[in-house]
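Structure file coords21.txt (compact mmCIF, N, CA and C atoms and all ligand atoms) is printed below.
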```txt
# COMPACT_ATOMS: atom_id res chain seq x y z
N MET A 1 -55.53 0.07 26.44
CA MET A 1 -55.66 1.49 26.09
C MET A 1 -56.01 2.33 27.30
N HIS A 2 -56.46 1.66 28.31
CA HIS A 2 -56.80 2.25 29.59
C HIS A 2 -55.67 3.17 30.09
N GLU A 3 -54.45 2.64 30.07
CA GLU A 3 -53.32 3.40 30.61
C GLU A 3 -52.97 4.64 29.80
N LEU A 4 -53.31 4.62 28.51
CA LEU A 4 -52.95 5.75 27.66
C LEU A 4 -53.67 7.03 28.10
N SER A 5 -54.99 6.93 28.32
CA SER A 5 -55.73 8.13 28.74
C SER A 5 -55.35 8.53 30.16
N ILE A 6 -55.07 7.53 30.99
CA ILE A 6 -54.64 7.81 32.36
C ILE A 6 -53.31 8.55 32.35
N THR A 7 -52.39 8.08 31.49
CA THR A 7 -51.08 8.70 31.42
C THR A 7 -51.19 10.14 30.93
N GLN A 8 -52.11 10.36 29.98
CA GLN A 8 -52.32 11.72 29.48
C GLN A 8 -52.77 12.64 30.61
N SER A 9 -53.66 12.15 31.47
CA SER A 9 -54.12 13.03 32.55
C SER A 9 -53.03 13.20 33.62
N ILE A 10 -52.23 12.17 33.84
CA ILE A 10 -51.10 12.32 34.76
C ILE A 10 -50.16 13.41 34.25
N LEU A 11 -49.91 13.36 32.95
CA LEU A 11 -49.00 14.32 32.34
C LEU A 11 -49.58 15.74 32.43
N ASP A 12 -50.87 15.88 32.14
CA ASP A 12 -51.52 17.20 32.21
C ASP A 12 -51.42 17.79 33.62
N ILE A 13 -51.75 16.95 34.61
CA ILE A 13 -51.70 17.39 36.01
C ILE A 13 -50.28 17.79 36.39
N SER A 14 -49.31 16.97 35.97
CA SER A 14 -47.91 17.21 36.33
C SER A 14 -47.37 18.48 35.69
N LEU A 15 -47.72 18.70 34.41
CA LEU A 15 -47.24 19.88 33.71
C LEU A 15 -47.81 21.15 34.34
N GLN A 16 -49.08 21.05 34.72
CA GLN A 16 -49.74 22.19 35.35
C GLN A 16 -49.07 22.52 36.69
N ALA A 17 -48.85 21.48 37.49
CA ALA A 17 -48.22 21.66 38.81
C ALA A 17 -46.80 22.21 38.65
N ALA A 18 -46.09 21.70 37.66
CA ALA A 18 -44.71 22.12 37.44
C ALA A 18 -44.65 23.59 37.02
N GLN A 19 -45.64 23.99 36.22
CA GLN A 19 -45.71 25.36 35.75
C GLN A 19 -45.91 26.32 36.93
N GLN A 20 -46.77 25.89 37.85
CA GLN A 20 -47.02 26.72 39.04
C GLN A 20 -45.76 26.89 39.88
N GLN A 21 -44.90 25.87 39.84
CA GLN A 21 -43.65 25.95 40.60
C GLN A 21 -42.52 26.55 39.77
N HIS A 22 -42.85 26.99 38.56
CA HIS A 22 -41.87 27.53 37.62
C HIS A 22 -40.71 26.55 37.40
N ALA A 23 -41.04 25.31 37.27
CA ALA A 23 -40.03 24.28 37.06
C ALA A 23 -39.55 24.30 35.62
N ARG A 24 -38.29 23.95 35.44
CA ARG A 24 -37.74 23.86 34.08
C ARG A 24 -37.85 22.45 33.55
N ARG A 25 -37.85 21.49 34.49
CA ARG A 25 -37.87 20.10 34.06
C ARG A 25 -38.51 19.25 35.16
N ILE A 26 -39.29 18.25 34.76
CA ILE A 26 -39.85 17.30 35.71
C ILE A 26 -38.96 16.05 35.69
N LYS A 27 -38.45 15.68 36.85
CA LYS A 27 -37.56 14.52 36.90
C LYS A 27 -38.30 13.25 37.31
N ILE A 28 -39.13 13.40 38.35
CA ILE A 28 -39.86 12.24 38.87
C ILE A 28 -41.32 12.60 39.12
N ILE A 29 -42.20 11.70 38.71
CA ILE A 29 -43.63 11.86 39.01
C ILE A 29 -44.01 10.73 39.95
N ARG A 30 -44.40 11.08 41.18
CA ARG A 30 -44.79 10.05 42.15
C ARG A 30 -46.31 9.85 42.12
N LEU A 31 -46.70 8.61 42.00
CA LEU A 31 -48.12 8.28 41.94
C LEU A 31 -48.54 7.45 43.15
N GLN A 32 -49.73 7.72 43.64
CA GLN A 32 -50.31 6.84 44.65
C GLN A 32 -51.24 5.88 43.93
N LEU A 33 -50.95 4.61 44.08
CA LEU A 33 -51.76 3.61 43.41
C LEU A 33 -52.36 2.64 44.41
N GLY A 34 -53.67 2.48 44.36
CA GLY A 34 -54.32 1.45 45.16
C GLY A 34 -54.05 0.10 44.52
N GLN A 35 -54.08 -0.95 45.34
CA GLN A 35 -53.74 -2.27 44.81
C GLN A 35 -54.78 -2.80 43.83
N PHE A 36 -55.94 -2.15 43.81
CA PHE A 36 -56.98 -2.62 42.91
C PHE A 36 -57.38 -1.58 41.87
N CYS A 37 -56.53 -0.59 41.68
CA CYS A 37 -56.90 0.44 40.71
C CYS A 37 -56.71 -0.07 39.29
N GLY A 38 -56.00 -1.17 39.12
CA GLY A 38 -55.88 -1.79 37.80
C GLY A 38 -54.91 -1.11 36.87
N VAL A 39 -54.09 -0.22 37.40
CA VAL A 39 -53.13 0.49 36.55
C VAL A 39 -51.76 -0.19 36.65
N VAL A 40 -51.17 -0.47 35.51
CA VAL A 40 -49.85 -1.09 35.49
C VAL A 40 -48.79 0.00 35.33
N PRO A 41 -47.97 0.21 36.36
CA PRO A 41 -46.98 1.31 36.33
C PRO A 41 -46.05 1.25 35.13
N GLU A 42 -45.67 0.04 34.70
CA GLU A 42 -44.77 -0.09 33.55
C GLU A 42 -45.40 0.47 32.29
N CYS A 43 -46.71 0.29 32.14
CA CYS A 43 -47.42 0.81 30.97
C CYS A 43 -47.46 2.33 31.03
N VAL A 44 -47.71 2.86 32.22
CA VAL A 44 -47.76 4.31 32.38
C VAL A 44 -46.42 4.92 31.99
N GLN A 45 -45.35 4.27 32.44
CA GLN A 45 -44.00 4.75 32.11
C GLN A 45 -43.77 4.73 30.60
N MET A 46 -44.21 3.66 29.99
CA MET A 46 -44.03 3.49 28.55
C MET A 46 -44.75 4.59 27.77
N TYR A 47 -46.00 4.84 28.14
CA TYR A 47 -46.78 5.89 27.47
C TYR A 47 -46.22 7.27 27.77
N LEU A 48 -45.76 7.43 29.01
CA LEU A 48 -45.22 8.74 29.39
C LEU A 48 -44.02 9.09 28.52
N ASP A 49 -43.17 8.10 28.28
CA ASP A 49 -41.98 8.33 27.46
C ASP A 49 -42.36 8.91 26.10
N VAL A 50 -43.50 8.44 25.58
CA VAL A 50 -43.95 8.90 24.27
C VAL A 50 -44.66 10.25 24.37
N LEU A 51 -45.63 10.32 25.30
CA LEU A 51 -46.47 11.53 25.41
C LEU A 51 -45.70 12.76 25.86
N ALA A 52 -44.66 12.54 26.67
CA ALA A 52 -43.95 13.68 27.27
C ALA A 52 -42.90 14.27 26.34
N LYS A 53 -42.71 13.63 25.19
CA LYS A 53 -41.70 14.14 24.25
C LYS A 53 -41.97 15.59 23.89
N GLY A 54 -40.94 16.43 24.01
CA GLY A 54 -41.10 17.83 23.66
C GLY A 54 -41.67 18.70 24.77
N THR A 55 -42.01 18.09 25.91
CA THR A 55 -42.47 18.87 27.06
C THR A 55 -41.39 18.85 28.14
N ILE A 56 -41.60 19.60 29.22
CA ILE A 56 -40.60 19.62 30.29
C ILE A 56 -40.61 18.31 31.09
N ALA A 57 -41.55 17.43 30.78
CA ALA A 57 -41.60 16.14 31.46
C ALA A 57 -40.89 15.04 30.67
N GLU A 58 -40.25 15.43 29.57
CA GLU A 58 -39.56 14.44 28.76
C GLU A 58 -38.49 13.75 29.60
N GLY A 59 -38.50 12.43 29.61
CA GLY A 59 -37.51 11.66 30.36
C GLY A 59 -37.85 11.48 31.84
N ALA A 60 -39.01 11.99 32.26
CA ALA A 60 -39.40 11.86 33.67
C ALA A 60 -39.67 10.40 34.02
N LYS A 61 -39.35 10.05 35.28
CA LYS A 61 -39.57 8.68 35.72
C LYS A 61 -40.80 8.61 36.61
N ILE A 62 -41.51 7.50 36.48
CA ILE A 62 -42.67 7.24 37.32
C ILE A 62 -42.22 6.50 38.58
N GLU A 63 -42.65 7.01 39.74
CA GLU A 63 -42.41 6.29 40.99
C GLU A 63 -43.76 5.98 41.61
N VAL A 64 -43.90 4.77 42.11
CA VAL A 64 -45.21 4.36 42.63
C VAL A 64 -45.18 4.19 44.15
N ILE A 65 -46.16 4.80 44.80
CA ILE A 65 -46.38 4.57 46.22
C ILE A 65 -47.63 3.70 46.31
N GLU A 66 -47.48 2.49 46.79
CA GLU A 66 -48.65 1.61 46.86
C GLU A 66 -49.50 1.92 48.08
N VAL A 67 -50.76 2.16 47.84
CA VAL A 67 -51.70 2.42 48.93
C VAL A 67 -52.25 1.06 49.38
N PRO A 68 -52.17 0.75 50.68
CA PRO A 68 -52.66 -0.54 51.12
C PRO A 68 -54.17 -0.68 50.94
N LEU A 69 -54.60 -1.89 50.84
CA LEU A 69 -56.02 -2.18 50.68
C LEU A 69 -56.66 -2.25 52.07
N ARG A 70 -57.63 -1.39 52.29
CA ARG A 70 -58.28 -1.36 53.59
C ARG A 70 -59.66 -2.01 53.46
N VAL A 71 -59.95 -2.89 54.39
CA VAL A 71 -61.22 -3.61 54.33
C VAL A 71 -61.90 -3.62 55.70
N ARG A 72 -63.21 -3.83 55.67
CA ARG A 72 -63.95 -4.08 56.91
C ARG A 72 -64.51 -5.49 56.82
N CYS A 73 -64.29 -6.24 57.90
CA CYS A 73 -64.77 -7.61 57.94
C CYS A 73 -66.26 -7.62 58.25
N LEU A 74 -67.02 -8.37 57.43
CA LEU A 74 -68.46 -8.40 57.63
C LEU A 74 -68.85 -9.36 58.75
N ASP A 75 -67.90 -10.16 59.21
CA ASP A 75 -68.21 -11.11 60.28
C ASP A 75 -67.87 -10.53 61.66
N CYS A 76 -66.63 -9.98 61.82
CA CYS A 76 -66.28 -9.46 63.14
C CYS A 76 -66.32 -7.94 63.19
N GLY A 77 -66.48 -7.29 62.03
CA GLY A 77 -66.68 -5.84 62.03
C GLY A 77 -65.42 -5.01 62.16
N ARG A 78 -64.26 -5.65 62.24
CA ARG A 78 -63.03 -4.89 62.41
C ARG A 78 -62.45 -4.45 61.06
N GLU A 79 -61.73 -3.32 61.07
CA GLU A 79 -61.09 -2.83 59.86
C GLU A 79 -59.61 -3.16 59.88
N SER A 80 -59.06 -3.47 58.72
CA SER A 80 -57.62 -3.75 58.65
C SER A 80 -57.08 -3.47 57.26
N ASP A 81 -55.76 -3.34 57.18
CA ASP A 81 -55.07 -3.21 55.89
C ASP A 81 -54.59 -4.60 55.51
N ILE A 82 -54.93 -5.04 54.33
CA ILE A 82 -54.50 -6.37 53.94
C ILE A 82 -53.72 -6.32 52.63
N ASP A 83 -53.06 -7.42 52.38
CA ASP A 83 -52.30 -7.61 51.18
C ASP A 83 -53.20 -8.38 50.21
N ARG A 84 -53.09 -8.07 48.92
CA ARG A 84 -54.02 -8.74 48.01
C ARG A 84 -53.71 -10.23 47.83
N ARG A 85 -52.53 -10.66 48.32
CA ARG A 85 -52.23 -12.09 48.25
C ARG A 85 -52.87 -12.85 49.40
N HIS A 86 -53.31 -12.11 50.43
CA HIS A 86 -53.95 -12.76 51.58
C HIS A 86 -55.27 -12.07 51.85
N ILE A 87 -56.25 -12.35 51.01
CA ILE A 87 -57.52 -11.67 51.17
C ILE A 87 -58.36 -12.43 52.19
N GLU A 88 -58.11 -12.09 53.45
CA GLU A 88 -58.92 -12.61 54.55
C GLU A 88 -58.75 -11.69 55.73
N CYS A 89 -59.72 -11.74 56.65
CA CYS A 89 -59.65 -10.91 57.85
C CYS A 89 -58.53 -11.44 58.74
N PRO A 90 -57.56 -10.55 59.13
CA PRO A 90 -56.45 -11.04 59.96
C PRO A 90 -56.90 -11.43 61.38
N PHE A 91 -58.10 -11.04 61.77
CA PHE A 91 -58.58 -11.34 63.12
C PHE A 91 -59.33 -12.67 63.18
N CYS A 92 -60.29 -12.84 62.27
CA CYS A 92 -61.13 -14.05 62.35
C CYS A 92 -61.04 -14.92 61.10
N LYS A 93 -60.15 -14.54 60.15
CA LYS A 93 -59.92 -15.33 58.93
C LYS A 93 -61.13 -15.38 57.98
N SER A 94 -62.10 -14.55 58.22
CA SER A 94 -63.25 -14.52 57.33
C SER A 94 -62.84 -13.95 55.98
N ILE A 95 -63.50 -14.39 54.92
CA ILE A 95 -63.23 -13.80 53.62
C ILE A 95 -64.41 -12.94 53.16
N ARG A 96 -65.35 -12.72 54.07
CA ARG A 96 -66.47 -11.84 53.74
C ARG A 96 -66.05 -10.41 54.10
N LEU A 97 -65.45 -9.72 53.12
CA LEU A 97 -64.86 -8.42 53.40
C LEU A 97 -65.48 -7.34 52.53
N LYS A 98 -65.61 -6.16 53.11
CA LYS A 98 -66.06 -5.01 52.33
C LYS A 98 -64.85 -4.15 52.05
N ARG A 99 -64.65 -3.82 50.79
CA ARG A 99 -63.48 -3.03 50.42
C ARG A 99 -63.72 -1.54 50.71
N LEU A 100 -62.83 -0.94 51.47
CA LEU A 100 -62.98 0.48 51.82
C LEU A 100 -62.06 1.35 50.97
N SER A 101 -60.98 0.78 50.47
CA SER A 101 -60.07 1.55 49.62
C SER A 101 -59.36 0.58 48.70
N GLY A 102 -58.45 1.10 47.91
CA GLY A 102 -57.71 0.22 47.03
C GLY A 102 -57.85 0.61 45.57
N ARG A 103 -58.72 1.58 45.29
CA ARG A 103 -58.86 2.04 43.92
C ARG A 103 -58.27 3.44 43.73
N GLU A 104 -57.47 3.86 44.71
CA GLU A 104 -56.89 5.19 44.60
C GLU A 104 -55.99 5.27 43.39
N PHE A 105 -55.98 6.45 42.85
CA PHE A 105 -55.09 6.68 41.74
C PHE A 105 -54.89 8.17 41.63
N LEU A 106 -53.76 8.67 42.06
CA LEU A 106 -53.54 10.11 41.97
C LEU A 106 -52.06 10.46 41.93
N VAL A 107 -51.80 11.68 41.47
CA VAL A 107 -50.43 12.18 41.45
C VAL A 107 -50.10 12.67 42.85
N ASP A 108 -49.10 12.06 43.46
CA ASP A 108 -48.73 12.39 44.83
C ASP A 108 -47.84 13.63 44.88
N SER A 109 -46.73 13.59 44.16
CA SER A 109 -45.82 14.73 44.15
C SER A 109 -44.88 14.65 42.95
N LEU A 110 -44.16 15.72 42.76
CA LEU A 110 -43.21 15.80 41.64
C LEU A 110 -41.83 16.15 42.15
N GLU A 111 -40.83 15.67 41.44
CA GLU A 111 -39.49 16.16 41.70
C GLU A 111 -39.08 16.93 40.46
N VAL A 112 -38.73 18.20 40.65
CA VAL A 112 -38.46 19.04 39.49
C VAL A 112 -37.14 19.80 39.62
N ASP A 113 -36.67 20.26 38.49
CA ASP A 113 -35.56 21.21 38.46
C ASP A 113 -36.15 22.59 38.25
N THR A 114 -35.73 23.54 39.05
CA THR A 114 -36.27 24.90 38.85
C THR A 114 -35.19 25.84 38.34
ZN ZN A 201 -63.08 -10.64 60.90
```

What is this file in structure tokens?
Amino acid sequence: MHELSITQSILDISLQAAQQQHARRIKIIRLQLGQFCGVVPECVQMYLDVLAKGTIAEGAKIEVIEVPLRVRCLDCGRESDIDRRHIECPFCKSIRLKRLSGREFLVDSLEVDT
């Protein structure tokens, strides 16, 4: 149910932004997603299809921009962007890492018809 409320806020933000641009239709909604934000894009798309019915966002597609996970190594102190499949410091291979980002979740931009 997590994605349902998230999708509602994505839709609200998008409709508001589209209105400011005097858009007639929203074609694409681009989202920035951190690798650890826990949001499944397919679910967002599914809910959007339902929630957007009757609005100018009806039929809009979700596009995801993945934000890399940035960490600081607690052993060597260096910062790096890592992949969640390789959670270790690329410099010293330590797994004692502090997460600096990865929970981002925001509407990046819209593609609209005006
Ligand atoms: Zn390190």

Write out, as a tab-separated table, each residue of stretch 5-63 of chain A that has an atom at most 8 Å from stretch 89-106 of chain A, together with the closest pair of atoms and their distance in Å to one decimal, counting all atoms listed in the file, rows going by chain and rising number.
```
residue	atom	partner	partner_atom	distance
A:Ile10	CA	A:Leu106	C	7.5
A:Arg30	C	A:Leu106	C	5.8
A:Leu31	CA	A:Leu106	C	4.5
A:Gln32	N	A:Leu106	C	4.0
A:Leu33	CA	A:Glu104	C	4.5
A:Gly34	CA	A:Gly102	C	3.7
A:Gln35	N	A:Gly102	C	4.1
A:Phe36	N	A:Gly102	C	3.8
A:Cys37	CA	A:Arg103	CA	4.1
A:Gly38	N	A:Arg103	CA	6.4
```

Notebook entry, point to check: For the point (-60.6, -4.3, 61.3) in file coordinates, what residues are within 10 Å, counting only C-alpha atoms? Give the answer as a list in words?
Noted result: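 Checking each residue against the 10 Å limit leaves Arg70, Val71, Arg72, Cys73, Leu74, Cys76, Gly77, Arg78, Glu79, Ser80, Asp81, Ile82, Cys89, Pro90, Phe91, Cys92 and Leu97 of chain A.
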
Notebook entry, point to check: How many Å lie between atom CA of A:His2 and atom CA of A:Gln16, rounded to one decimal?
Noted result: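 A separation of 21.9 Å between them.
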
Margin query: For a test of reading the model, state the distance in Å between atom N of A:Pro41 and atom C of A:Asp83, rounded to one decimal.
Written below: 17.1 Å

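All residues of protein, DNA or RNA that reach within 6 Å of stretch 47-56 of chain A, judged by all atoms listed in the file and not counting those fewer than 5 positions away in the chain, are A:Thr7, A:Arg24, A:Arg25, A:Ile26.
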
Selection to disk with N, CA and C atoms, as an mmCIF file, in the coordinates of the input:
```
data_model
loop_
_atom_site.group_PDB
_atom_site.id
_atom_site.type_symbol
_atom_site.label_atom_id
_atom_site.label_comp_id
_atom_site.auth_asym_id
_atom_site.auth_seq_id
_atom_site.Cartn_x
_atom_site.Cartn_y
_atom_site.Cartn_z
ATOM 1 N N THR A 7 -52.390 8.080 31.490
ATOM 2 C CA THR A 7 -51.080 8.700 31.420
ATOM 3 C C THR A 7 -51.190 10.140 30.930
ATOM 4 N N ARG A 24 -38.290 23.950 35.440
ATOM 5 C CA ARG A 24 -37.740 23.860 34.080
ATOM 6 C C ARG A 24 -37.850 22.450 33.550
ATOM 7 N N ARG A 25 -37.850 21.490 34.490
ATOM 8 C CA ARG A 25 -37.870 20.100 34.060
ATOM 9 C C ARG A 25 -38.510 19.250 35.160
ATOM 10 N N ILE A 26 -39.290 18.250 34.760
ATOM 11 C CA ILE A 26 -39.850 17.300 35.710
ATOM 12 C C ILE A 26 -38.960 16.050 35.690
#
```

Notebook entry, point to check: Using only N, CA and C atoms and all ligand atoms, which residue out of A:Ile13, A:Val40, A:Pro68, A:Glu88 lies closest to ligand ZN 201 (chain A)?
Noted result: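 Looking at the shortest contact to ligand ZN 201 (chain A), the residue is A:Glu88.
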
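Taking only N, CA and C atoms and all ligand atoms into account, ligand ZN 201 (chain A) lies nearest to A:Asp75 out of the set A:Glu63, A:Arg85, A:Asp75, A:Thr114.
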
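The spacing separating atom N of A:Val64 from atom CA of A:Ile29 amounts to 7.7 Å.
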
Check: Per DSSP on the backbone, what are the strand (DSSP E or B) residues of chain A, as an NGL selection string?
Finding: :A and (25-34 or 61-67 or 69-73 or 79-82 or 97-99 or 105-113)

Check: What would the list of residues within 8 Å of (-37.8, 15.1, 32.9) (file frame) look like as a count of residues only, if only C-alpha atoms are what count?
Finding: 11

Next item on the list: Counting only C-alpha atoms and all ligand atoms, figure out which residue out of A:Val107, A:Asp113, A:Gln8, A:Ile87 gets nearest to ligand ZN 201 (chain A).
Entry: A:Ile87

Check: Of the candidates A:Leu69, A:Ile62, A:Met46, A:Leu15, which one gets nearest to A:Arg84 if we count all atoms listed in the file?
Finding: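 The closest residue to A:Arg84 is A:Leu69.
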